[in-house]
file protein_1.cif (mmCIF, C-alpha atoms)
data_data
#
loop_
_atom_site.group_PDB
_atom_site.id
_atom_site.type_symbol
_atom_site.label_atom_id
_atom_site.label_comp_id
_atom_site.auth_asym_id
_atom_site.auth_seq_id
_atom_site.Cartn_x
_atom_site.Cartn_y
_atom_site.Cartn_z
ATOM 1 C CA MET V 1 25.486 35.644 -70.492
ATOM 2 C CA ARG V 2 25.960 32.249 -72.190
ATOM 3 C CA ASN V 3 29.557 33.255 -72.888
ATOM 4 C CA VAL V 4 30.401 33.544 -69.189
ATOM 5 C CA TYR V 5 32.408 30.480 -68.142
ATOM 6 C CA GLY V 6 30.400 28.144 -65.913
ATOM 7 C CA VAL V 7 27.015 29.728 -66.603
ATOM 8 C CA SER V 8 24.771 27.040 -68.049
ATOM 9 C CA ASP V 9 21.387 27.273 -69.723
ATOM 10 C CA LYS V 10 19.865 25.901 -66.508
ATOM 11 C CA VAL V 11 21.373 28.687 -64.404
ATOM 12 C CA LEU V 12 20.313 31.308 -66.942
ATOM 13 C CA THR V 13 16.758 29.936 -67.036
ATOM 14 C CA MET V 14 16.495 29.989 -63.251
ATOM 15 C CA ALA V 15 17.934 33.516 -63.074
ATOM 16 C CA LEU V 16 15.595 34.811 -65.780
ATOM 17 C CA SER V 17 12.641 33.157 -64.072
ATOM 18 C CA GLY V 18 13.538 34.873 -60.789
ATOM 19 C CA ILE V 19 13.910 38.245 -62.478
ATOM 20 C CA LEU V 20 10.565 37.934 -64.237
ATOM 21 C CA ILE V 21 8.767 36.780 -61.096
ATOM 22 C CA GLY V 22 10.414 39.535 -59.037
ATOM 23 C CA ALA V 23 9.420 42.225 -61.537
ATOM 24 C CA ALA V 24 5.771 41.187 -61.604
ATOM 25 C CA ASP V 25 4.689 44.393 -59.844
ATOM 26 C CA ALA V 26 5.932 46.436 -62.792
ATOM 27 C CA ARG V 27 4.732 44.033 -65.486
ATOM 28 C CA PRO V 28 2.077 41.593 -64.178
ATOM 29 C CA TRP V 29 2.294 39.282 -67.189
ATOM 30 C CA TRP V 30 5.995 38.706 -66.436
ATOM 31 C CA LEU V 31 4.909 36.614 -63.447
ATOM 32 C CA GLU V 32 3.050 34.285 -65.797
ATOM 33 C CA VAL V 33 6.120 33.918 -68.012
ATOM 34 C CA GLY V 34 8.563 33.444 -65.117
ATOM 35 C CA ALA V 35 6.278 30.968 -63.373
ATOM 36 C CA HIS V 36 6.342 28.705 -66.418
ATOM 37 C CA LEU V 37 10.115 28.651 -67.014
ATOM 38 C CA ILE V 38 11.364 25.222 -65.977
ATOM 39 C CA ALA V 39 15.000 24.147 -65.633
ATOM 40 C CA VAL V 40 15.395 20.374 -65.544
ATOM 41 C CA ASP V 41 18.751 19.330 -64.137
ATOM 42 C CA THR V 42 20.036 15.871 -63.255
ATOM 43 C CA LEU V 43 18.524 16.027 -59.758
ATOM 44 C CA VAL V 44 15.031 16.681 -61.122
ATOM 45 C CA HIS V 45 15.367 14.169 -63.971
ATOM 46 C CA ASN V 46 16.756 11.443 -61.693
ATOM 47 C CA PHE V 47 13.980 12.080 -59.153
ATOM 48 C CA LEU V 48 11.364 11.558 -61.878
ATOM 49 C CA HIS V 49 13.179 8.377 -62.930
ATOM 50 C CA ARG V 50 13.745 6.908 -59.427
ATOM 51 C CA THR V 51 10.186 7.514 -58.298
ATOM 52 C CA GLY V 52 8.804 5.810 -61.420
ATOM 53 C CA ILE V 53 7.052 8.943 -62.636
ATOM 54 C CA LEU V 54 8.785 8.804 -66.033
ATOM 55 C CA ALA V 55 7.748 5.166 -66.436
ATOM 56 C CA GLN V 56 4.158 5.901 -65.368
ATOM 57 C CA PHE V 57 3.953 8.597 -68.051
ATOM 58 C CA ASN V 58 5.619 6.249 -70.586
ATOM 59 C CA ALA V 59 8.330 8.895 -70.899
ATOM 60 C CA ALA V 60 11.548 7.060 -70.030
ATOM 61 C CA HIS V 61 14.547 8.831 -71.585
ATOM 62 C CA ALA V 62 18.145 9.682 -70.829
ATOM 63 C CA TYR V 63 18.896 13.016 -69.195
ATOM 64 C CA GLY V 64 19.350 15.808 -71.730
ATOM 65 C CA ALA V 65 17.316 17.112 -74.626
ATOM 66 C CA GLY V 66 14.621 14.482 -73.994
ATOM 67 C CA CYS V 67 13.732 16.311 -70.790
ATOM 68 C CA TYR V 68 12.339 19.170 -72.889
ATOM 69 C CA ARG V 69 10.789 17.162 -75.722
ATOM 70 C CA SER V 70 7.057 16.616 -75.891
ATOM 71 C CA GLY V 71 6.072 14.304 -73.039
ATOM 72 C CA GLY V 72 9.443 14.714 -71.277
ATOM 73 C CA CYS V 73 10.304 15.922 -67.777
ATOM 74 C CA ALA V 74 9.233 19.531 -68.372
ATOM 75 C CA ASP V 75 5.806 18.465 -69.682
ATOM 76 C CA ILE V 76 5.320 16.136 -66.713
ATOM 77 C CA ILE V 77 6.166 18.941 -64.285
ATOM 78 C CA ARG V 78 3.685 21.213 -66.078
ATOM 79 C CA ALA V 79 0.997 18.515 -65.829
ATOM 80 C CA VAL V 80 1.662 18.109 -62.104
ATOM 81 C CA ALA V 81 1.564 21.895 -61.629
ATOM 82 C CA HIS V 82 -1.944 21.955 -63.080
ATOM 83 C CA GLN V 83 -3.015 19.571 -60.299
ATOM 84 C CA ILE V 84 -1.649 21.765 -57.488
ATOM 85 C CA ASP V 85 -3.030 25.155 -56.508
ATOM 86 C CA ALA V 86 0.222 26.922 -55.558
ATOM 87 C CA ARG V 87 -1.756 29.673 -53.816
ATOM 88 C CA GLN V 88 -2.163 27.302 -50.854
ATOM 89 C CA PHE V 89 1.552 27.893 -50.175
ATOM 90 C CA ASN V 90 1.513 31.639 -50.824
ATOM 91 C CA ARG V 91 -1.525 33.716 -51.824
ATOM 92 C CA ALA V 92 0.681 35.833 -54.095
ATOM 93 C CA PHE V 93 1.611 32.780 -56.209
ATOM 94 C CA PRO V 94 -0.232 32.067 -59.436
ATOM 95 C CA LYS V 95 -2.585 29.089 -59.267
ATOM 96 C CA VAL V 96 -0.536 27.098 -61.780
ATOM 97 C CA PHE V 97 3.173 27.495 -60.998
ATOM 98 C CA PRO V 98 5.402 24.910 -62.763
ATOM 99 C CA ARG V 99 8.625 26.662 -61.681
ATOM 100 C CA PHE V 100 7.563 26.260 -58.049
ATOM 101 C CA VAL V 101 6.949 22.518 -58.559
ATOM 102 C CA GLN V 102 10.300 22.086 -60.315
ATOM 103 C CA HIS V 103 12.070 24.036 -57.568
ATOM 104 C CA ALA V 104 10.366 21.969 -54.850
ATOM 105 C CA ILE V 105 11.598 18.741 -56.483
ATOM 106 C CA TRP V 106 15.085 20.207 -56.791
ATOM 107 C CA ARG V 107 15.134 21.261 -53.106
ATOM 108 C CA TYR V 108 13.910 17.798 -52.059
ATOM 109 C CA CYS V 109 16.939 16.293 -53.796
ATOM 110 C CA ASN V 110 19.617 18.983 -53.455
ATOM 111 C CA GLN V 111 22.383 18.403 -50.926
ATOM 112 C CA GLN V 112 21.950 21.933 -49.556
ATOM 113 C CA GLY V 113 18.171 21.439 -49.497
ATOM 114 C CA LEU V 114 16.495 18.409 -47.938
ATOM 115 C CA ASP V 115 19.160 16.067 -49.389
ATOM 116 C CA ILE V 116 16.839 13.079 -49.681
ATOM 117 C CA CYS V 117 16.583 11.669 -53.207
ATOM 118 C CA ASN V 118 20.020 11.969 -54.809
ATOM 119 C CA GLY V 119 23.135 9.975 -55.652
ATOM 120 C CA ASN V 120 24.645 10.803 -52.250
ATOM 121 C CA ARG V 121 21.767 9.088 -50.447
ATOM 122 C CA VAL V 122 20.789 6.413 -52.968
ATOM 123 C CA ASP V 123 23.214 3.870 -54.424
ATOM 124 C CA ASP V 124 22.186 4.158 -58.069
ATOM 125 C CA ARG V 125 22.959 0.474 -58.679
ATOM 126 C CA HIS V 126 20.168 -0.546 -56.299
ATOM 127 C CA ARG V 127 16.635 0.463 -55.415
ATOM 128 C CA CYS V 128 16.297 3.136 -52.754
ATOM 129 C CA GLN V 129 15.998 1.684 -49.255
ATOM 130 C CA ASN V 130 15.072 4.913 -47.433
ATOM 131 C CA ARG V 131 11.957 3.782 -45.544
ATOM 132 C CA TYR V 132 11.827 7.156 -43.763
ATOM 133 C CA CYS V 133 11.291 9.092 -47.005
ATOM 134 C CA ARG V 134 7.865 10.729 -47.082
ATOM 135 C CA LEU V 135 7.361 9.356 -50.600
ATOM 136 C CA HIS V 136 8.428 5.781 -49.818
ATOM 137 C CA GLY V 137 4.884 4.400 -49.909
ATOM 138 C CA ILE V 138 4.131 5.772 -53.377
ATOM 139 C CA CYS V 139 7.639 5.652 -54.870
ATOM 140 C CA ASP V 140 8.601 2.903 -57.329
ATOM 141 C CA ARG V 141 12.265 3.161 -56.177
ATOM 142 C CA ILE V 142 13.693 2.378 -59.610
ATOM 143 C CA ARG V 143 17.465 2.097 -59.750
ATOM 144 C CA LEU V 144 19.307 4.469 -62.056
ATOM 145 C CA LYS V 145 21.900 2.066 -63.459
#
call {"tool": "encode", "arguments": {"input": "protein_1.cif", "output": "C-alpha cells"}}
result
Amino acid sequence: MRNVYGVSDKVLTMALSGILIGAADARPWWLEVGAHLIAVDTLVHNFLHRTGILAQFNAAHAYGAGCYRSGGCADIIRAVAHQIDARQFNRAFPKVFPRFVQHAIWRYCNQQGLDICNGNRVDDRHRCQNRYCRLHGICDRIRLK
C-alpha cells in the first residue's frame, strides 16, 4: 500500500489500527495491538507544542522522526493514555487506549472536527488568544514560529 500515490505512513497506520480494532471479535489480541498504534501528524505535534506539553516533558523537537523517538510525541500520548480509563467513554474500549487519545487530539484540532487548535485558528507567529478554548486555563499557548 505504500506504493499507492498519496497514501502516507500516517494513513496506513490509522487504517491498520481501524482494521485491527474492528476485527477484535475474531482475534481479541488484535484490539490491544490496534489500540496502541499511534499516528502523529502535524496537527497532533503542533497541539503538543502549542499547549506546552512538549516543553513540560522536556521533549521539544521539530515535527518528524522525533515524534516517534524515545520521549517524543508518541511516548507522551502513551503516558497520557495510561492516566485515562477509556472505558468511561465506551465500555467496549480497552482501559489504556493511546489511539483513542491521539484521535481525540486530532479531532480537537482538525478543520472537519472541532477546528480549535490549528494554524487556521491560531496565528503561529503569536500566542493563541482563544479565551473560549476549554484548555485556555491550562494551556501555555506557545507560538509555533
call {"tool": "closest_residue", "arguments": {"input": "protein_1.cif", "among": "V:Asp115, V:Glu32, V:Asp9, V:Asp75", "to": "Gln102 of chain V", "atoms": "only C-alpha atoms"}}
result
V:Asp75
call {"tool": "resolve_selection", "arguments": {"input": "protein_1.cif", "expression": "the PyMOL selection byres ((chain V and resi 42-53) around 10)", "output": "number ranges by chain"}}
result
V: 39-41, 54-64, 67, 72-74, 76-77, 102-111, 116-119, 122, 124, 127-128, 135-136, 138-144
call {"tool": "atom_distance", "arguments": {"input": "protein_1.cif", "atom1": "atom CA of Arg27 of chain V", "atom2": "atom CA of Ala81 of chain V"}}
result
22.7 Å
call {"tool": "atom_distance", "arguments": {"input": "protein_1.cif", "atom1": "atom CA of Phe93 of chain V", "atom2": "atom CA of Trp30 of chain V"}}
result
12.6 Å
call {"tool": "resolve_selection", "arguments": {"input": "protein_1.cif", "expression": "the PyMOL selection byres ((chain V and resi 35) around 7)", "output": "NGL selection string"}}
result
:V and (17 or 21 or 31-34 or 36-37 or 97-99)
call {"tool": "atom_distance", "arguments": {"input": "protein_1.cif", "atom1": "atom CA of Arg91 of chain V", "atom2": "atom CA of Thr13 of chain V"}}
result
24.1 Å
call {"tool": "closest_residue", "arguments": {"input": "protein_1.cif", "among": "V:Ala65, V:Ile38, V:Val101, V:Tyr132", "to": "Val11 of chain V", "atoms": "all atoms listed in the file"}}
result
V:Ile38
call {"tool": "decode", "arguments": {"input": "protein_1.cif", "residues": "segment 18-143 of chain V", "atoms": "C-alpha atoms", "output": "CSV table (one decimal), in the first residue's frame"}}
result
chain,number,residue,atom,x,y,z
V,18,GLY,CA,-9.0,0.5,12.5
V,19,ILE,CA,-8.8,-2.9,10.9
V,20,LEU,CA,-7.3,-4.4,13.9
V,21,ILE,CA,-9.7,-2.8,16.3
V,22,GLY,CA,-12.7,-3.8,14.1
V,23,ALA,CA,-11.5,-7.4,13.9
V,24,ALA,CA,-11.2,-7.8,17.7
V,25,ASP,CA,-14.2,-10.2,17.8
V,26,ALA,CA,-12.3,-12.7,15.7
V,27,ARG,CA,-8.9,-12.1,17.3
V,28,PRO,CA,-9.2,-10.4,20.8
V,29,TRP,CA,-5.5,-9.6,21.0
V,30,TRP,CA,-5.8,-7.5,17.8
V,31,LEU,CA,-7.7,-4.9,19.8
V,32,GLU,CA,-4.6,-4.5,22.0
V,33,VAL,CA,-2.4,-4.0,19.0
V,34,GLY,CA,-4.7,-1.6,17.2
V,35,ALA,CA,-5.3,0.4,20.3
V,36,HIS,CA,-1.6,1.1,20.7
V,37,LEU,CA,-0.9,2.2,17.1
V,38,ILE,CA,-0.4,5.9,17.1
V,39,ALA,CA,-0.1,8.2,14.1
V,40,VAL,CA,1.4,11.6,14.9
V,41,ASP,CA,0.7,14.2,12.3
V,42,THR,CA,1.4,17.9,12.3
V,43,LEU,CA,-1.9,18.7,14.0
V,44,VAL,CA,-1.1,16.4,16.9
V,45,HIS,CA,2.5,17.5,17.1
V,46,ASN,CA,1.6,21.2,16.9
V,47,PHE,CA,-1.1,20.8,19.6
V,48,LEU,CA,1.5,19.2,21.9
V,49,HIS,CA,3.9,22.1,21.2
V,50,ARG,CA,1.3,25.0,21.5
V,51,THR,CA,-0.1,23.7,24.7
V,52,GLY,CA,3.4,23.5,26.3
V,53,ILE,CA,3.1,19.7,26.8
V,54,LEU,CA,6.3,19.0,24.8
V,55,ALA,CA,8.2,21.6,26.9
V,56,GLN,CA,6.7,20.2,30.2
V,57,PHE,CA,8.1,16.8,29.2
V,58,ASN,CA,11.4,18.3,28.2
V,59,ALA,CA,10.7,16.9,24.7
V,60,ALA,CA,10.8,19.8,22.4
V,61,HIS,CA,11.6,18.7,18.8
V,62,ALA,CA,10.7,19.5,15.2
V,63,TYR,CA,7.9,17.6,13.6
V,64,GLY,CA,9.1,14.3,12.0
V,65,ALA,CA,11.1,11.4,13.2
V,66,GLY,CA,11.5,13.0,16.7
V,67,CYS,CA,7.8,12.4,17.3
V,68,TYR,CA,8.4,8.6,17.4
V,69,ARG,CA,11.8,8.7,19.2
V,70,SER,CA,12.0,7.8,22.9
V,71,GLY,CA,10.3,10.6,24.9
V,72,GLY,CA,8.7,12.1,21.8
V,73,CYS,CA,5.0,12.8,20.9
V,74,ALA,CA,4.1,9.1,20.7
V,75,ASP,CA,5.5,8.3,24.1
V,76,ILE,CA,3.8,11.4,25.7
V,77,ILE,CA,0.4,10.2,24.2
V,78,ARG,CA,1.0,6.7,25.6
V,79,ALA,CA,1.8,8.2,29.0
V,80,VAL,CA,-1.4,10.3,28.9
V,81,ALA,CA,-3.4,7.2,27.9
V,82,HIS,CA,-2.2,5.4,31.0
V,83,GLN,CA,-3.8,8.2,33.1
V,84,ILE,CA,-7.2,7.9,31.3
V,85,ASP,CA,-9.6,5.0,31.7
V,86,ALA,CA,-11.0,4.9,28.1
V,87,ARG,CA,-13.8,2.6,29.3
V,88,GLN,CA,-15.6,5.7,30.7
V,89,PHE,CA,-16.3,6.7,27.1
V,90,ASN,CA,-17.2,3.3,25.9
V,91,ARG,CA,-17.3,0.1,28.0
V,92,ALA,CA,-16.0,-1.9,25.0
V,93,PHE,CA,-12.8,0.2,24.9
V,94,PRO,CA,-9.7,-1.1,26.5
V,95,LYS,CA,-8.7,0.7,29.7
V,96,VAL,CA,-5.5,2.0,28.1
V,97,PHE,CA,-6.2,3.3,24.6
V,98,PRO,CA,-3.4,5.5,23.2
V,99,ARG,CA,-5.0,5.5,19.7
V,100,PHE,CA,-8.2,7.0,21.2
V,101,VAL,CA,-6.2,9.8,22.9
V,102,GLN,CA,-4.3,10.5,19.7
V,103,HIS,CA,-7.5,10.6,17.7
V,104,ALA,CA,-9.2,12.9,20.3
V,105,ILE,CA,-6.3,15.4,20.0
V,106,TRP,CA,-6.5,15.2,16.2
V,107,ARG,CA,-10.3,15.8,16.2
V,108,TYR,CA,-9.9,18.7,18.5
V,109,CYS,CA,-7.5,20.3,16.0
V,110,ASN,CA,-8.9,19.1,12.7
V,111,GLN,CA,-10.8,21.5,10.5
V,112,GLN,CA,-13.5,18.9,9.9
V,113,GLY,CA,-13.5,18.1,13.6
V,114,LEU,CA,-13.8,20.7,16.3
V,115,ASP,CA,-11.4,23.0,14.4
V,116,ILE,CA,-10.0,24.7,17.6
V,117,CYS,CA,-6.2,24.4,17.9
V,118,ASN,CA,-4.7,24.6,14.4
V,119,GLY,CA,-3.0,27.0,12.0
V,120,ASN,CA,-6.4,28.2,10.7
V,121,ARG,CA,-7.4,29.4,14.1
V,122,VAL,CA,-4.1,30.4,15.7
V,123,ASP,CA,-1.6,32.8,14.0
V,124,ASP,CA,1.6,30.7,14.5
V,125,ARG,CA,3.7,33.9,14.9
V,126,HIS,CA,1.8,34.7,18.1
V,127,ARG,CA,0.5,33.1,21.2
V,128,CYS,CA,-3.1,31.7,21.0
V,129,GLN,CA,-5.7,34.3,22.1
V,130,ASN,CA,-8.7,32.0,22.1
V,131,ARG,CA,-10.1,32.6,25.6
V,132,TYR,CA,-13.1,30.4,24.8
V,133,CYS,CA,-11.0,27.3,24.3
V,134,ARG,CA,-11.7,24.7,27.0
V,135,LEU,CA,-8.0,24.3,27.6
V,136,HIS,CA,-7.2,28.0,27.8
V,137,GLY,CA,-6.7,28.0,31.6
V,138,ILE,CA,-4.1,25.2,31.5
V,139,CYS,CA,-2.6,25.8,28.1
V,140,ASP,CA,0.9,27.5,27.8
V,141,ARG,CA,-0.1,29.0,24.4
V,142,ILE,CA,3.4,28.7,22.9
V,143,ARG,CA,3.8,30.2,19.5
